[in-house]
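> Before I ask anything, here is the structure I am working with.
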Amino acid sequence: MANTTSLTATELAGSVGLILAVLVEVGALLGNGALLVVVLRTPGLQDALYLVHLCIVDLLAAASIMPLGLLAAPPPGLGRMRLGPAPCRAARFLSATLLPACTLGVAALGLARYRLIAHPLRPGGRPAGLVLTAVWAAAVLLGALSLLGPPPAPPPAPARCSVLVGGLGPFRPLWALLAFALPALLLLGAYGSIFFVARRAALRPPLPVRGARLRSDSLDSRLSFLPTLRPRLPGGKAALAPALAVGQFAACWLPYGCACLAPAARAAEAEAAVTWVAYSAFAAHPFLYGLLQRPVRLALGRLTRRALPQVPKAWHPRALLQRLKGPPEGPALGPSQAPQQARELGGPSPHLPETT
């Protein structure tokens with residue numbers, strides 16, 4: 001009876017995990033695809049190339065390593081498909097390459113936004129193409145470390161194709177530091193500097209307007225300039241976007257990085273859960289880095305209005321009410337036409353006094 005109960009609980013947990021993983025997969029595909037279309041159709045975005053790069057990396061991950069996680073996760077994971085030695089090495093290389101490409105791309109996007117906010121007029125910034133080339137060079141080098149790890153186990157045993165368990169061998173701590181610790185420090189420095197710049201701008205007193213009327217020195221005038229009694233943190237609104245970006249990065253990637261630093265036996269126990277928590281970042285990026293930008297939201301609304309069918313004017317509420325009432329019995333007369341009609345009919349004019 002106890003074995004049946006534990007088996008039922010294991011199957012229920014696997015089913016719930018499979019449903020959540022499918023939702024993450026669908027959200028990553030639809031969200032990044034929609035954001036990519038919006039960014040490509042919106043001219044004038046200053047960090048458009050970094051957003052396009054992030055969407056492409058997320059789509060590559062959603063089309064390659066996430067389906068492999070659904071089909072070939074180790075038991076008691078989500079899938080039961082066994083991979084051979086060559087597909088297992090390919091899966092290791094893809095995971096070890098795309099994950100650093102994503103984290104380093106997010107850090108590059110944060111640094112680009114810091115430069116646009118803190119130094120908008122400073123010329124001579126590094127081109128985005130050069131920065132993204134360096135990101136991919138580092139990601140490919142980190143992916144090549146997976147090829148130096150131990151070979152996959154023979155088919156009767158679980159292959160352990162992920163980078164968490166047996167995929168990098170002695171290079172796991174180095175890969176975790178370069179793929180997660182370095183981007184986390186860069187992102188924290190970039191968004192922390194953005195917050196301090198915004199807070200300093202919020203605390204700066206407004207400049208006096210030229211030609212403004214001087215206020216009186218009465219008691220009422222003095223009381224009107226007193227601050228409100230409600231406590232308020234200066235720059236609180238400016239802290240929302242940095243806090244969301246840093247919090248999402250830590251929540252998604254910190255468990256995966258810690259599992260890379262843990263022993264292989266301990267990492268194998270939480271491999272499926274930690275991996276899909278990290279994969280949820282691919283579905284969160286379109287909402288965090290796309291919808292929080294006002295130009296992206298406006299462009300998305302404009303494209304949505306163009307795509308949806310237009311409602312005919314005859315079905316608007318005012319036009320529909322007028323059609324239900326029917327046409328008026330006669331043409332409406334203006335104030336200048338009413339005296340002329342009364343004069344033609346021989347009646348008294350409403351503007352002239354009647355003679356006695």
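Going by the structure tokens order, chains are called A, B, ..., each with residues numbered from 1, while ligands are numbered from 1 in the order shown.
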List the spatial neighbours of Ala179 in chain A as a list in words - criterion: any atom at most 10 Å away, only C-alpha atoms, same-chain residues fewer than 2 positions off excluded.
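After dropping sequence-adjacent residues, the list is Ala96, Thr97, Leu99, Pro100, Ala101, Cys102, Thr103, Leu104, Ala138, Ala139, Leu142, Pro173, Leu174, Trp175, Ala176, Leu177, Ala181, Leu182, Pro183, Ala184, Trp253 and Gly257 of chain A.
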> Could you write out the selected residues, including C-alpha atoms, as an mmCIF file, in the first residue's frame?

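The resulting file, again24.cif, is shown below:
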data_model
loop_
_atom_site.group_PDB
_atom_site.id
_atom_site.type_symbol
_atom_site.label_atom_id
_atom_site.label_comp_id
_atom_site.auth_asym_id
_atom_site.auth_seq_id
_atom_site.Cartn_x
_atom_site.Cartn_y
_atom_site.Cartn_z
ATOM 1 C CA ALA A 96 26.710 24.684 -22.286
ATOM 2 C CA THR A 97 26.618 27.218 -25.148
ATOM 3 C CA LEU A 99 22.883 29.216 -21.353
ATOM 4 C CA PRO A 100 26.009 31.472 -21.223
ATOM 5 C CA ALA A 101 24.872 33.191 -24.429
ATOM 6 C CA CYS A 102 21.604 34.061 -22.666
ATOM 7 C CA THR A 103 23.129 35.255 -19.387
ATOM 8 C CA LEU A 104 25.913 37.237 -21.062
ATOM 9 C CA ALA A 138 32.781 33.389 -24.895
ATOM 10 C CA ALA A 139 29.665 31.184 -25.096
ATOM 11 C CA LEU A 142 32.345 27.670 -22.559
ATOM 12 C CA PRO A 173 33.000 25.355 -11.191
ATOM 13 C CA LEU A 174 34.848 27.385 -13.855
ATOM 14 C CA TRP A 175 31.862 27.195 -16.202
ATOM 15 C CA ALA A 176 29.460 28.257 -13.430
ATOM 16 C CA LEU A 177 31.619 31.241 -12.447
ATOM 17 C CA ALA A 181 28.682 34.779 -11.469
ATOM 18 C CA LEU A 182 30.246 37.185 -13.996
ATOM 19 C CA PRO A 183 26.921 38.167 -15.690
ATOM 20 C CA ALA A 184 25.287 38.551 -12.267
ATOM 21 C CA TRP A 253 19.792 31.349 -12.541
ATOM 22 C CA GLY A 257 24.655 28.058 -10.633
#
> Counting only C-alpha atoms, which of A:Leu94, A:Ala86, A:Ile19, A:Leu240 gets nearest to Val140 in chain A?
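Closest to Val140 in chain A of all the choices is A:Leu94.
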> To one decimal place, how far is CA of Arg89 in chain A from CA of Gly27 in chain A in Å?
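Computing it gives 27.2 Å between the two atoms.
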> In Å, how far is it from CA of Leu187 in chain A to CA of Gln248 in chain A?
11.2 Å
> Write out as a list in words each polymer residue whose atoms come within 9 Å of range 291-295 of chain A, counting only C-alpha atoms; drop sequence neighbours fewer than 2 positions from it.
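Listed by chain and then number, they are Leu35, Thr42, Gly44, Leu45, Ala241, Pro286, Phe287, Leu288, Tyr289, Arg297, Leu298, Ala299 and Leu300 of chain A.
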> Please produce a file of the residues just selected, as a compact mmCIF listing (two decimals), in the first residue's frame, where the atoms kept are C-alpha atoms.

# COMPACT_ATOMS: atom_id res chain seq x y z
CA LEU A 35 8.57 40.47 -29.18
CA THR A 42 9.43 49.39 -34.49
CA GLY A 44 13.90 54.02 -33.32
CA LEU A 45 14.56 51.60 -30.45
CA ALA A 241 12.74 48.00 -13.30
CA PRO A 286 9.75 39.01 -23.33
CA PHE A 287 7.60 40.41 -20.53
CA LEU A 288 10.47 41.82 -18.49
CA TYR A 289 12.59 43.39 -21.23
CA ARG A 297 3.99 48.60 -25.60
CA LEU A 298 2.82 51.33 -27.97
CA ALA A 299 4.12 49.44 -31.00
CA LEU A 300 2.44 46.24 -29.81
> Could you check how far CA of Gly33 in chain A sits from CA of Leu18 in chain A, in Å to one decimal?
22.5 Å
> Taking only C-alpha atoms into account, which of A:Arg266, A:Arg92, A:Arg115, A:Arg126 comes nearest Leu147 in chain A?
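Checking each candidate against Leu147 in chain A, we get A:Arg92 as the closest.
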> Counting only C-alpha atoms, figure out which residue out of A:Asn32, A:Thr275, A:Ser15, A:Gln46 gets nearest to Pro127 in chain A.
A:Gln46
> So that I can check the secondary structure, give me every residue of range 37-112 of chain A assigned helix (DSSP H, G or I) by backbone DSSP, as number ranges by chain.
A: 37-40, 48-63, 65-71, 85-112
> A:Ala265, A:Ala107, A:Ala284, A:Val38: which is nearest Cys252 in chain A, counting only C-alpha atoms?
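Of the candidates, the smallest distance to Cys252 in chain A is held by A:Ala284.
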> Using only C-alpha atoms, find the one residue out of A:Cys258, A:Leu164, A:Ala201, A:Ala134 that sits nearest to Phe180 in chain A.
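Closest to Phe180 in chain A of all the choices is A:Cys258.
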> Excluding Ala239 in chain A and any residue of its chain fewer than 6 positions from it, enumerate the residues within 10 Å of it, using only C-alpha atoms, and give them as a PyMOL selection string.
chain A and resi 191-192+194-196+198-199
> From the set A:Ala281, A:Val52, A:Ala108, A:Val24, which residue has the shortest atom-to-atom contact distance to Val37 in chain A, counting only C-alpha atoms?
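Of A:Ala281, A:Val52, A:Ala108, A:Val24, the one nearest Val37 in chain A is A:Val52, counting only C-alpha atoms.
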